[in-house]
Every structure is written in structure tokens, then in C-alpha cells.
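Trainee: Input coords_34.cif, format and content: mmCIF, C-alpha atoms.
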```
data_input
#
loop_
_atom_site.label_atom_id
_atom_site.label_comp_id
_atom_site.auth_asym_id
_atom_site.auth_seq_id
_atom_site.Cartn_x
_atom_site.Cartn_y
_atom_site.Cartn_z
CA MET A 1 21.35 -11.96 0.68
CA ALA A 2 20.05 -10.49 -2.56
CA ASN A 3 19.08 -6.91 -2.97
CA THR A 4 15.41 -7.18 -3.86
CA TYR A 5 14.26 -3.67 -4.76
CA THR A 6 15.24 -3.64 -8.43
CA LEU A 7 14.54 -1.02 -11.07
CA ILE A 8 12.71 -2.67 -13.98
CA ALA A 9 12.16 0.39 -16.14
CA SER A 10 11.82 4.15 -15.95
CA ASN A 11 10.61 7.01 -18.09
CA THR A 12 11.28 10.70 -17.49
CA LEU A 13 9.36 12.77 -20.01
CA SER A 14 11.33 15.24 -22.10
CA SER A 15 8.07 16.46 -23.62
CA SER A 16 4.42 16.12 -22.67
CA ALA A 17 2.79 12.75 -23.23
CA ALA A 18 -0.72 11.37 -22.97
CA SER A 19 0.37 8.14 -21.37
CA VAL A 20 3.26 6.04 -20.17
CA THR A 21 3.18 2.27 -20.51
CA PHE A 22 5.43 -0.32 -18.94
CA SER A 23 5.09 -3.50 -20.96
CA ALA A 24 6.69 -6.94 -21.00
CA ILE A 25 7.00 -6.84 -17.22
CA PRO A 26 8.93 -9.97 -16.20
CA ASN A 27 7.22 -12.42 -13.87
CA THR A 28 10.34 -12.98 -11.81
CA TYR A 29 9.40 -10.71 -8.91
CA THR A 30 6.90 -11.02 -6.09
CA ASP A 31 5.54 -7.46 -5.93
CA LEU A 32 5.71 -4.32 -8.05
CA VAL A 33 6.19 -0.73 -6.92
CA LEU A 34 5.57 2.36 -9.05
CA ARG A 35 7.05 5.66 -7.90
CA VAL A 36 5.85 8.70 -9.80
CA SER A 37 6.49 12.41 -9.83
CA SER A 38 3.92 13.94 -12.16
CA ARG A 39 1.79 16.86 -13.20
CA ASN A 40 -0.72 17.25 -16.01
CA ASN A 41 -2.25 20.09 -18.01
CA ASP A 42 -5.80 19.79 -16.74
CA THR A 43 -7.27 23.06 -15.49
CA GLY A 44 -7.58 22.28 -11.81
CA THR A 45 -5.05 21.93 -9.04
CA SER A 46 -5.65 18.24 -8.27
CA GLU A 47 -6.52 16.08 -11.26
CA GLY A 48 -6.94 12.45 -12.21
CA PHE A 49 -4.12 9.96 -12.61
CA LEU A 50 -5.40 6.78 -14.23
CA THR A 51 -4.05 3.22 -14.20
CA GLN A 52 -4.95 0.17 -16.27
CA PHE A 53 -3.41 -3.30 -16.32
CA ASN A 54 -2.82 -5.60 -19.29
CA SER A 55 -4.68 -3.21 -21.63
CA ASP A 56 -7.93 -4.09 -19.89
CA THR A 57 -10.38 -1.26 -20.65
CA SER A 58 -13.43 -3.04 -19.24
CA THR A 59 -15.12 -2.01 -16.02
CA ASN A 60 -13.11 -4.41 -13.87
CA TYR A 61 -11.61 -1.81 -11.56
CA SER A 62 -12.78 -0.26 -8.32
CA TRP A 63 -11.22 1.94 -5.69
CA ARG A 64 -11.86 3.93 -2.55
CA ALA A 65 -9.86 6.88 -1.41
CA LEU A 66 -9.14 8.57 1.87
CA LEU A 67 -8.39 12.25 1.27
CA VAL A 68 -7.07 14.85 3.66
CA GLY A 69 -6.71 18.41 2.48
CA GLY A 70 -6.05 20.41 5.59
CA GLY A 71 -9.64 20.22 6.85
CA ALA A 72 -11.82 17.29 7.80
CA PRO A 73 -10.91 14.08 5.97
CA GLY A 74 -13.16 12.80 3.21
CA SER A 75 -13.62 9.57 1.30
CA GLN A 76 -14.65 8.64 -2.22
CA GLY A 77 -15.34 5.24 -3.69
CA TYR A 78 -16.22 3.96 -7.15
CA SER A 79 -17.13 0.51 -8.40
CA ASN A 80 -17.13 -1.02 -11.90
CA GLN A 81 -14.72 1.52 -13.34
CA ALA A 82 -12.54 1.31 -16.44
CA ASP A 83 -9.45 2.29 -14.44
CA ILE A 84 -8.13 3.02 -10.97
CA GLU A 85 -7.98 6.75 -10.40
CA ASN A 86 -5.48 8.49 -8.16
CA ARG A 87 -4.79 12.24 -8.04
CA GLN A 88 -1.91 14.37 -9.28
CA ALA A 89 -1.06 18.06 -9.59
CA GLY A 90 -2.88 19.82 -12.43
CA ASN A 91 -2.03 22.92 -14.38
CA GLY A 92 -3.72 25.09 -11.78
CA ALA A 93 -1.22 24.02 -9.17
CA THR A 94 1.75 26.15 -8.24
CA SER A 95 4.09 26.28 -11.21
CA ASN A 96 7.05 23.93 -11.28
CA THR A 97 5.40 21.74 -8.65
CA PHE A 98 4.87 18.03 -9.19
CA SER A 99 2.93 15.60 -7.04
CA SER A 100 4.47 12.42 -5.66
CA MET A 101 2.94 8.98 -5.62
CA GLU A 102 3.70 5.38 -4.77
CA ILE A 103 1.56 2.52 -6.05
CA TYR A 104 2.13 -0.94 -4.52
CA ILE A 105 0.97 -4.08 -6.33
CA PRO A 106 1.57 -7.30 -4.36
CA SER A 107 1.50 -10.82 -5.81
CA TYR A 108 1.14 -9.48 -9.35
CA THR A 109 1.66 -12.92 -10.92
CA ALA A 110 -0.74 -14.78 -8.59
CA SER A 111 -3.96 -16.17 -10.05
CA GLN A 112 -6.16 -14.03 -7.86
CA ASN A 113 -7.84 -10.64 -8.11
CA LYS A 114 -5.24 -7.93 -7.62
CA PRO A 115 -5.39 -5.55 -4.65
CA VAL A 116 -3.49 -2.30 -5.09
CA SER A 117 -2.60 0.40 -2.59
CA SER A 118 -1.38 3.91 -3.28
CA TYR A 119 -0.21 7.00 -1.47
CA TYR A 120 0.04 10.42 -3.04
CA VAL A 121 0.75 13.93 -1.89
CA ILE A 122 -0.07 17.18 -3.66
CA GLU A 123 1.15 20.21 -1.76
CA LYS A 124 0.67 23.47 -3.67
CA ASN A 125 0.76 26.26 -1.14
CA VAL A 126 -2.97 26.72 -1.72
CA THR A 127 -5.98 25.55 0.22
CA ASP A 128 -6.82 22.30 -1.55
CA ALA A 129 -3.65 20.31 -1.12
CA TYR A 130 -4.09 16.58 -0.74
CA ILE A 131 -2.76 13.62 1.08
CA GLY A 132 -4.43 10.63 -0.51
CA VAL A 133 -4.45 6.97 0.46
CA GLU A 134 -6.27 4.55 -1.81
CA ALA A 135 -7.30 0.93 -1.92
CA GLY A 136 -7.80 -0.33 -5.45
CA LEU A 137 -8.90 -3.62 -6.93
CA TRP A 138 -8.54 -5.12 -10.40
CA ARG A 139 -10.92 -8.04 -10.74
CA ASN A 140 -8.78 -10.21 -12.93
CA THR A 141 -6.71 -13.26 -12.07
CA ALA A 142 -4.17 -12.91 -14.88
CA ALA A 143 -0.56 -12.06 -14.13
CA ILE A 144 0.12 -8.37 -14.70
CA SER A 145 2.40 -7.95 -17.69
CA SER A 146 1.77 -4.30 -18.55
CA ILE A 147 0.76 -1.12 -16.76
CA LYS A 148 -0.63 1.94 -18.50
CA LEU A 149 -0.56 5.29 -16.71
CA PHE A 150 -2.63 8.00 -18.37
CA ASN A 151 -4.95 10.97 -18.04
CA ASN A 152 -8.60 11.78 -18.67
CA GLY A 153 -9.57 12.65 -22.26
CA SER A 154 -6.95 14.67 -24.11
CA ILE A 155 -5.07 15.67 -20.97
CA VAL A 156 -1.31 15.01 -21.00
CA PHE A 157 1.46 14.53 -18.47
CA ALA A 158 3.78 17.53 -18.26
CA SER A 159 7.37 17.38 -19.44
CA GLY A 160 9.56 16.43 -16.51
CA SER A 161 7.11 13.91 -15.10
CA SER A 162 8.97 10.78 -14.09
CA PHE A 163 7.86 7.18 -13.67
CA PHE A 164 9.87 4.38 -12.08
CA LEU A 165 8.81 0.72 -11.93
CA TYR A 166 10.55 -1.52 -9.39
CA GLY A 167 10.31 -5.23 -8.78
CA ILE A 168 10.51 -6.70 -5.29
CA LYS A 169 11.47 -10.29 -4.56
CA ASN A 170 10.60 -11.91 -1.27
CA SER A 171 13.50 -14.33 -1.42
CA MET B 1 25.69 0.83 -3.75
CA PRO B 2 24.98 -1.42 -0.77
CA ALA B 3 21.95 -3.67 -0.79
CA THR B 4 19.41 -1.79 1.30
CA TYR B 5 16.06 -3.51 0.88
CA GLU B 6 16.42 -7.18 1.60
CA PRO B 7 13.98 -10.02 2.19
CA ILE B 8 14.53 -11.48 5.66
CA ALA B 9 11.81 -14.13 5.67
CA THR B 10 8.56 -15.02 3.97
CA THR B 11 5.66 -17.29 4.87
CA THR B 12 2.84 -18.61 2.72
CA LEU B 13 0.29 -20.54 4.71
CA GLY B 14 -0.33 -24.10 3.56
CA SER B 15 -3.27 -24.34 5.92
CA ALA B 16 -5.35 -21.90 7.94
CA ALA B 17 -3.64 -20.40 10.97
CA SER B 18 -4.41 -17.74 13.51
CA SER B 19 -0.99 -16.11 13.41
CA ILE B 20 2.23 -15.71 11.45
CA SER B 21 5.47 -15.01 13.28
CA PHE B 22 8.90 -13.80 12.29
CA SER B 23 11.44 -14.45 15.03
CA SER B 24 15.17 -14.08 15.60
CA ILE B 25 15.18 -10.88 13.56
CA SER B 26 18.69 -9.61 13.02
CA SER B 27 19.56 -6.15 14.34
CA ALA B 28 21.62 -5.45 11.22
CA TYR B 29 19.05 -3.21 9.54
CA THR B 30 17.72 0.27 10.22
CA ASP B 31 14.01 -0.24 9.56
CA LEU B 32 11.68 -3.16 8.94
CA ARG B 33 8.81 -3.53 6.51
CA VAL B 34 6.12 -6.22 6.54
CA VAL B 35 3.90 -6.89 3.52
CA LEU B 36 0.86 -9.06 4.28
CA VAL B 37 -1.61 -10.25 1.65
CA CYS B 38 -4.34 -12.06 3.54
CA GLN B 39 -7.81 -13.47 3.64
CA THR B 40 -9.80 -14.44 6.72
CA ALA B 41 -12.66 -16.86 7.13
CA SER B 42 -14.85 -14.27 8.83
CA ASN B 43 -14.64 -10.65 9.86
CA ALA B 44 -11.55 -9.98 11.94
CA ASN B 45 -9.20 -7.24 12.95
CA ILE B 46 -5.67 -7.96 11.83
CA ALA B 47 -3.32 -7.08 14.65
CA PHE B 48 0.33 -7.44 15.57
CA ARG B 49 2.53 -7.99 18.57
CA LEU B 50 6.22 -7.29 18.98
CA ASN B 51 8.64 -9.46 20.97
CA SER B 52 5.61 -11.53 22.06
CA ASP B 53 4.61 -8.68 24.38
CA THR B 54 1.03 -9.26 25.58
CA GLY B 55 1.05 -6.31 27.98
CA THR B 56 -1.05 -3.19 27.52
CA ASN B 57 1.82 -1.37 25.86
CA TYR B 58 0.26 -0.60 22.50
CA SER B 59 -1.78 2.32 21.23
CA TYR B 60 -2.86 3.57 17.83
CA THR B 61 -4.66 6.34 15.99
CA LEU B 62 -6.50 5.29 12.85
CA LEU B 63 -7.81 7.26 9.87
CA TYR B 64 -10.09 5.32 7.55
CA GLY B 65 -12.39 5.81 4.59
CA THR B 66 -15.28 3.72 3.34
CA GLY B 67 -15.76 5.39 -0.01
CA THR B 68 -18.53 7.61 1.29
CA SER B 69 -17.22 8.83 4.60
CA ALA B 70 -13.99 9.21 6.53
CA ALA B 71 -13.43 8.95 10.25
CA SER B 72 -10.78 8.60 12.87
CA PHE B 73 -10.51 6.29 15.83
CA ARG B 74 -7.97 5.68 18.55
CA ASP B 75 -7.35 3.18 21.27
CA THR B 76 -4.85 3.27 24.10
CA SER B 77 -3.17 0.85 26.49
CA ILE B 78 -4.21 -2.24 24.59
CA THR B 79 -2.53 -5.61 24.15
CA ARG B 80 -1.77 -5.47 20.39
CA GLY B 81 -1.21 -3.07 17.55
CA TYR B 82 -3.68 -2.52 14.73
CA ILE B 83 -3.32 -3.14 10.98
CA ILE B 84 -6.71 -3.51 9.25
CA ALA B 85 -10.29 -4.71 9.66
CA ALA B 86 -10.52 -7.66 7.29
CA ASP B 87 -13.85 -8.91 5.97
CA ASN B 88 -15.12 -12.41 5.54
CA ALA B 89 -13.50 -13.70 2.36
CA ALA B 90 -16.47 -15.93 1.69
CA THR B 91 -18.64 -12.89 0.97
CA PHE B 92 -16.17 -11.44 -1.53
CA PRO B 93 -13.01 -13.35 -2.40
CA ASN B 94 -10.67 -10.42 -2.35
CA TRP B 95 -7.31 -10.14 -0.67
CA ASN B 96 -6.45 -7.58 1.96
CA LEU B 97 -3.20 -5.78 1.33
CA CYS B 98 -1.48 -4.62 4.50
CA THR B 99 1.89 -3.02 5.12
CA MET B 100 3.77 -2.22 8.32
CA ASP B 101 6.72 0.15 8.45
CA ILE B 102 8.68 -0.21 11.68
CA PHE B 103 11.19 2.55 12.18
CA SER B 104 14.47 2.29 14.10
CA TYR B 105 13.43 -1.11 15.37
CA ALA B 106 16.80 -1.79 17.00
CA GLY B 107 16.96 1.55 18.80
CA SER B 108 16.54 2.14 22.51
CA THR B 109 13.40 4.26 22.33
CA ASN B 110 9.71 3.46 22.12
CA LYS B 111 8.77 2.18 18.66
CA THR B 112 6.56 3.91 16.09
CA ILE B 113 4.88 1.79 13.43
CA LEU B 114 2.91 3.00 10.42
CA THR B 115 0.33 0.59 9.06
CA ASN B 116 -1.73 0.71 5.90
CA GLY B 117 -4.66 -1.47 4.94
CA SER B 118 -6.31 -1.76 1.52
CA ASN B 119 -9.55 -3.67 1.15
CA ASP B 120 -11.62 -2.64 -1.87
CA LYS B 121 -14.53 -4.90 -2.78
CA ASN B 122 -16.01 -3.19 -5.84
CA GLY B 123 -18.64 -1.15 -4.08
CA SER B 124 -17.63 -1.50 -0.46
CA GLY B 125 -14.53 -1.94 1.64
CA THR B 126 -12.12 0.36 3.40
CA VAL B 127 -8.81 2.11 3.07
CA GLU B 128 -7.00 2.61 6.36
CA ALA B 129 -3.88 4.28 7.68
CA ALA B 130 -2.75 4.14 11.28
CA VAL B 131 0.12 5.19 13.46
CA ASN B 132 0.91 2.70 16.22
CA LEU B 133 3.11 3.08 19.26
CA TRP B 134 4.73 0.27 21.21
CA ARG B 135 5.90 1.64 24.51
CA ASN B 136 9.00 -0.46 24.86
CA ALA B 137 12.64 0.53 24.38
CA SER B 138 13.88 -2.95 23.54
CA ALA B 139 15.16 -3.88 20.12
CA ILE B 140 12.49 -5.72 18.17
CA ASN B 141 13.46 -9.34 17.53
CA SER B 142 10.09 -10.80 16.63
CA VAL B 143 6.91 -9.71 14.85
CA THR B 144 3.69 -11.67 15.12
CA LEU B 145 0.72 -11.02 12.86
CA LEU B 146 -2.60 -12.02 14.38
CA ALA B 147 -6.07 -12.64 13.01
CA TRP B 148 -8.00 -11.37 16.04
CA ASN B 149 -11.40 -12.45 17.40
CA GLY B 150 -10.60 -16.16 17.18
CA VAL B 151 -10.39 -16.10 13.40
CA ASN B 152 -7.81 -17.75 11.16
CA PHE B 153 -5.89 -16.49 8.18
CA ASN B 154 -6.91 -18.49 5.13
CA THR B 155 -4.61 -20.79 3.18
CA ASP B 156 -2.30 -18.95 0.76
CA THR B 157 -2.09 -15.90 2.99
CA THR B 158 1.43 -14.55 2.47
CA ALA B 159 3.58 -12.40 4.73
CA THR B 160 7.07 -11.15 4.00
CA LEU B 161 9.50 -9.33 6.27
CA TYR B 162 12.03 -6.98 4.66
CA GLY B 163 15.00 -5.23 6.21
CA ILE B 164 16.00 -1.72 5.14
CA LYS B 165 19.49 -0.40 5.73
CA ALA B 166 20.30 3.27 5.96
CA ALA B 167 23.77 2.61 4.59
#
```
Before anything else, please render the file you have as C-alpha cells.
Mentor:
Amino acid sequence: MANTYTLIASNTLSSSAASVTFSAIPNTYTDLVLRVSSRNNDTGTSEGFLTQFNSDTSTNYSWRALLVGGGAPGSQGYSNQADIENRQAGNGATSNTFSSMEIYIPSYTASQNKPVSSYYVIEKNVTDAYIGVEAGLWRNTAAISSIKLFNNGSIVFASGSSFFLYGIKNS
Amino acid sequence: MPATYEPIATTTLGSAASSISFSSISSAYTDLRVVLVCQTASNANIAFRLNSDTGTNYSYTLLYGTGTSAASFRDTSITRGYIIAADNAATFPNWNLCTMDIFSYAGSTNKTILTNGSNDKNGSGTVEAAVNLWRNASAINSVTLLAWNGVNFNTDTTATLYGIKAA
């Protein structure tokens, strides 16, 4: 039986970069998985990690997050956004520490709105570490052919951040 | 490198059904993963059973967020495991994304299962994570996904079972 967890593309940054884009994603898989180790130069310890599909910059995204930081859990939710926002380690986090994330995109070629789930962890040996679980939605029925990962404003990913895109086949 | 993440079976519903089952699961893997993308015709909890066990051998602890608040819930000695609370697709035609990770499914200890549910509806919905326990030491040879409360999964609901090998 075929091995179905296949690396499509990867990018490990040798210098800082504002964004990473995976384009020309083949439609030969069933689901997509992104696995990311990242950090950016924003001032805080836990900062935004933004995702857009197919270069869509319209407000067709929404998401809700479940966040646990060592105290009582919290939740945030946003509708009609221009991206799906997860969290990553910022420049205020412990040096040489990157956050880890997995984003799962099922049925990415199906002609239906696209649900997305993500997990991320940001442990920094300080008080505001995060475990985050998110449900995202892109209200678009087109097949996903590109994924842009980026930061707010002029913020950049740190050198050493790594991004891996895998395709999963169900047969 | 050996193949370690393999599709075992997949089902896409051609008509509405109350359950989806994977049976005769090989014991050749280390862990199992189920990916379910589903709609339901009305509000329903999505549940699971293992080896067709209808006894009160399941329990779970759930952490969930609505976008404005987070809470935890648990239930014990019940007749099925828990995956997600799915909403009526007619009110918002989104798809619920659910995953189940079943660890050491062929081992001779009670079985731990992590479930995740994603259901964002652009202004409402939930994100859920749960740890389930099935108090049974048998190897798992079947997984049944259930739309609870007498509700059906809609047409085009898709479920896939993957096997993961440690080596």
C-alpha cells in the first residue's frame, strides 16, 4: 500500500523573510498538512502567524481559538477577516526558541468552503506560554493551489524558521 | 525509509447515513488516525465506538472554546466516545473537521484516544479537544463513527482511516 504522507515542498529560512508562499500545489492529494517551526521579530512573546489561500486578501476568513497558558483557558473568535491568524513565538520570547505548529487542511480540492484546524505550542519559560487549538474557515469553494504564510505589517519570520508542506492521499 | 502513514480505508457517503464503520482493521500498525469531514442534517454530537462495544466503558474530558469563552466538561461510564458537537448544516453549510488519534490500538492496555473538532461558522462555532478513554484491553479491530441523537451524516461526508507504523 502506498505511503501517503508525502513532502510537497519545504523552506528553511537562511535569513529573515516577510512571508513564505507555497504555490502550484498539485491537486493529486486528498488533504494538506503544514508543519512549521517559526519565530518572528515582533516585540511580544506570542505574536500573529497569518495564513491566506490562493492570494485571496478579501474578508473571507474566520477563526476561533482555544488558548491555554498555564491558567484558566480562554477563547477568541473573529469573523470576516482577511486571513486566519494563529500564534507564534515573538522576539520577546526566550532567545533561540521557536514555536511549533501543525495546520491541517482536509479536502483542499473539493468544491466546498474549506475548514482548517491547527495546533500550536509556544513554551518560553515565562508566564504567558501558549497551547493553542484553532478552528478556521475559508469561505471559498475553489481548490487551494497556493498558501501564503506571513506576519502582521512589516514583521518578518526569523532566520531558521522552517516550513514543510505535506500531501496526504486517502487511497 | 519504511512507509509509515498509510491509508487503510476511506468512505464517502453517497446517501445520508447514521454511522460509518471501519472493520477488520489489521494489527500491523502502531497507531491509528481517523479524519472525518462531515455535515449533519440537524444538531448532533459526533461520537464513536470501538469493536462495536455498547457497554458503559467510555469516558472523556473535553476542553472547548466558542470564540468568546472557554470551558471544560467531562462524562464518565458512558456508551460511546466523544468527537465534536456538530451543528445543523442547513443553518450554515460548513463542514466539520474532526480527527481521532488512537494510540497503541493493538496493545493489551486500556485505550487512549485524542479527538479534535473544528467547526468555525464565521461568527460562531466551536473548537474542541478531548481525551477519551476506552476501558478495554482488547486490540481494536473496528471503529464506528456515529451521528448521535438520531441524526444522519449528510451525503458527501468523508471518513478516512490511516495506519501509522513506528518502524
Trainee: List as a ChimeraX atom specification the protein and nucleic acid residues near range 124-131 of chain B, meaning an atom at most 7 Å away when all atoms listed in the file are counted, but skip any in the same chain fewer than 3 places from it.
Mentor: /A:64-66,134-135 /B:60-66,84,113-121
Trainee: Using the chain letters and residue numbers of this document, give as a list in words the residues selected by the PyMOL selection byres ((chain B and resi 85) around 8).
Mentor: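 Output of the PyMOL selection byres ((chain B and resi 85) around 8): Asn43, Ala44, Asn45, Ile46, Ile83, Ile84, Ala86 and Asp87 of chain B.
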Trainee: For this structure, which residues satisfy the selection - the PyMOL selection byres ((chain B and resi 147-152) around 12) - when it is evaluated on the file as given? I want them as a tab-separated table (two decimals) with C-alpha atoms, in the frame of the given file.
Mentor:
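Result file follows (out-v6.tsv):
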```tsv
chain	number	residue	atom	x	y	z
B	13	LEU	CA	0.29	-20.54	4.71
B	15	SER	CA	-3.27	-24.34	5.92
B	16	ALA	CA	-5.35	-21.90	7.94
B	17	ALA	CA	-3.64	-20.40	10.97
B	18	SER	CA	-4.41	-17.74	13.51
B	19	SER	CA	-0.99	-16.11	13.41
B	20	ILE	CA	2.23	-15.71	11.45
B	21	SER	CA	5.47	-15.01	13.28
B	36	LEU	CA	0.86	-9.06	4.28
B	38	CYS	CA	-4.34	-12.06	3.54
B	39	GLN	CA	-7.81	-13.47	3.64
B	40	THR	CA	-9.80	-14.44	6.72
B	41	ALA	CA	-12.66	-16.86	7.13
B	42	SER	CA	-14.85	-14.27	8.83
B	43	ASN	CA	-14.64	-10.65	9.86
B	44	ALA	CA	-11.55	-9.98	11.94
B	45	ASN	CA	-9.20	-7.24	12.95
B	46	ILE	CA	-5.67	-7.96	11.83
B	47	ALA	CA	-3.32	-7.08	14.65
B	48	PHE	CA	0.33	-7.44	15.57
B	49	ARG	CA	2.53	-7.99	18.57
B	79	THR	CA	-2.53	-5.61	24.15
B	80	ARG	CA	-1.77	-5.47	20.39
B	81	GLY	CA	-1.21	-3.07	17.55
B	82	TYR	CA	-3.68	-2.52	14.73
B	83	ILE	CA	-3.32	-3.14	10.98
B	84	ILE	CA	-6.71	-3.51	9.25
B	85	ALA	CA	-10.29	-4.71	9.66
B	86	ALA	CA	-10.52	-7.66	7.29
B	87	ASP	CA	-13.85	-8.91	5.97
B	88	ASN	CA	-15.12	-12.41	5.54
B	89	ALA	CA	-13.50	-13.70	2.36
B	144	THR	CA	3.69	-11.67	15.12
B	145	LEU	CA	0.72	-11.02	12.86
B	146	LEU	CA	-2.60	-12.02	14.38
B	153	PHE	CA	-5.89	-16.49	8.18
B	154	ASN	CA	-6.91	-18.49	5.13
B	155	THR	CA	-4.61	-20.79	3.18
B	156	ASP	CA	-2.30	-18.95	0.76
B	157	THR	CA	-2.09	-15.90	2.99
```
Trainee: Run through the PyMOL selection byres ((chain A) within 10 of (chain B)) on the given coordinates and return the selected residues as number ranges by chain.
Mentor: A: 1-6, 31, 60-68, 72-81, 104-107, 112-119, 133-139, 168-171
Trainee: Which value, in Å to one decimal, gives the distance between CA of Asn11 in chain A and CA of Asn125 in chain A?
Mentor: 27.5 Å
Trainee: Calculate how many Å separate CA of Ser55 in chain A from CA of Thr141 in chain A, rounding to one decimal.
Mentor: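 CA of Thr141 in chain A lies 14.0 Å from CA of Ser55 in chain A.
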Trainee: Can you list, as a PyMOL selection string, every protein, DNA or RNA residue that comes within 9 Å of range 146-157 of chain A when you count all atoms listed in the file, leaving out same-chain residues fewer than 2 positions away?
Mentor: chain A and resi 13+15-25+38-42+47-55+144+159-161
Trainee: Considering all atoms listed in the file, state which residue in the set B:Thr12, B:Ser27, B:Thr112, B:Ser52 is at the smallest distance from Ser142 in chain B.
Mentor: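 Of all the options, B:Ser52 lies closest to Ser142 in chain B.
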Trainee: Choose the residue, out of B:Ser108, B:Ile78, B:Met100, B:Trp134, that has the smallest atom-to-atom separation from Leu32 in chain B; count all atoms listed in the file.
Mentor: B:Met100
Trainee: What does the structure give for the distance between CA of Phe163 in chain A and CA of Asn96 in chain A, in Å to one decimal?
Mentor: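 Here the two named atoms are 16.9 Å from each other.
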Trainee: Need the shell around Ser104 in chain B: protein/DNA/RNA residues with any atom at most 9 Å away, counting all atoms listed in the file. Skip same-chain ones fewer than 3 positions apart. Format as an mmCIF file with C-alpha atoms, in the coordinates of the input?
Mentor:
```cif
data_model
loop_
_atom_site.group_PDB
_atom_site.id
_atom_site.type_symbol
_atom_site.label_atom_id
_atom_site.label_comp_id
_atom_site.auth_asym_id
_atom_site.auth_seq_id
_atom_site.Cartn_x
_atom_site.Cartn_y
_atom_site.Cartn_z
ATOM 1 C CA TYR B 29 19.050 -3.210 9.540
ATOM 2 C CA THR B 30 17.720 0.270 10.220
ATOM 3 C CA ASP B 31 14.010 -0.240 9.560
ATOM 4 C CA LEU B 32 11.680 -3.160 8.940
ATOM 5 C CA GLY B 107 16.960 1.550 18.800
ATOM 6 C CA SER B 108 16.540 2.140 22.510
ATOM 7 C CA THR B 109 13.400 4.260 22.330
ATOM 8 C CA LYS B 111 8.770 2.180 18.660
ATOM 9 C CA THR B 112 6.560 3.910 16.090
ATOM 10 C CA ALA B 139 15.160 -3.880 20.120
#
```
Trainee: Is there a way to complete range 117-131 of chain A with N, CA and C atoms and then write that out as a CSV table (one decimal), in the coordinates of the input?
Mentor:
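Okay, selection.csv is ready:
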```csv
chain,number,residue,atom,x,y,z
A,117,SER,N,-2.5,-0.7,-3.5
A,117,SER,CA,-2.6,0.4,-2.6
A,117,SER,C,-1.8,1.5,-3.2
A,118,SER,N,-2.1,2.7,-2.8
A,118,SER,CA,-1.4,3.9,-3.3
A,118,SER,C,-1.4,5.0,-2.3
A,119,TYR,N,-0.3,5.8,-2.3
A,119,TYR,CA,-0.2,7.0,-1.5
A,119,TYR,C,0.1,8.1,-2.4
A,120,TYR,N,-0.4,9.3,-2.3
A,120,TYR,CA,0.0,10.4,-3.0
A,120,TYR,C,-0.1,11.7,-2.2
A,121,VAL,N,0.8,12.6,-2.6
A,121,VAL,CA,0.8,13.9,-1.9
A,121,VAL,C,0.8,15.0,-2.9
A,122,ILE,N,0.0,16.0,-2.8
A,122,ILE,CA,-0.1,17.2,-3.7
A,122,ILE,C,-0.1,18.4,-2.8
A,123,GLU,N,1.1,19.0,-2.6
A,123,GLU,CA,1.2,20.2,-1.8
A,123,GLU,C,1.4,21.4,-2.7
A,124,LYS,N,0.6,22.4,-2.7
A,124,LYS,CA,0.7,23.5,-3.7
A,124,LYS,C,0.7,24.9,-3.1
A,125,ASN,N,0.8,25.0,-1.8
A,125,ASN,CA,0.8,26.3,-1.1
A,125,ASN,C,-0.6,27.0,-1.4
A,126,VAL,N,-1.6,26.2,-1.6
A,126,VAL,CA,-3.0,26.7,-1.7
A,126,VAL,C,-3.8,25.9,-0.8
A,127,THR,N,-5.1,26.1,-0.8
A,127,THR,CA,-6.0,25.6,0.2
A,127,THR,C,-6.4,24.1,0.0
A,128,ASP,N,-6.3,23.6,-1.3
A,128,ASP,CA,-6.8,22.3,-1.6
A,128,ASP,C,-5.7,21.3,-1.8
A,129,ALA,N,-4.7,21.3,-1.0
A,129,ALA,CA,-3.6,20.3,-1.1
A,129,ALA,C,-4.3,19.0,-0.7
A,130,TYR,N,-3.6,17.9,-1.1
A,130,TYR,CA,-4.1,16.6,-0.7
A,130,TYR,C,-3.0,15.7,-0.2
A,131,ILE,N,-3.4,14.9,0.8
A,131,ILE,CA,-2.8,13.6,1.1
A,131,ILE,C,-3.8,12.6,0.8
```
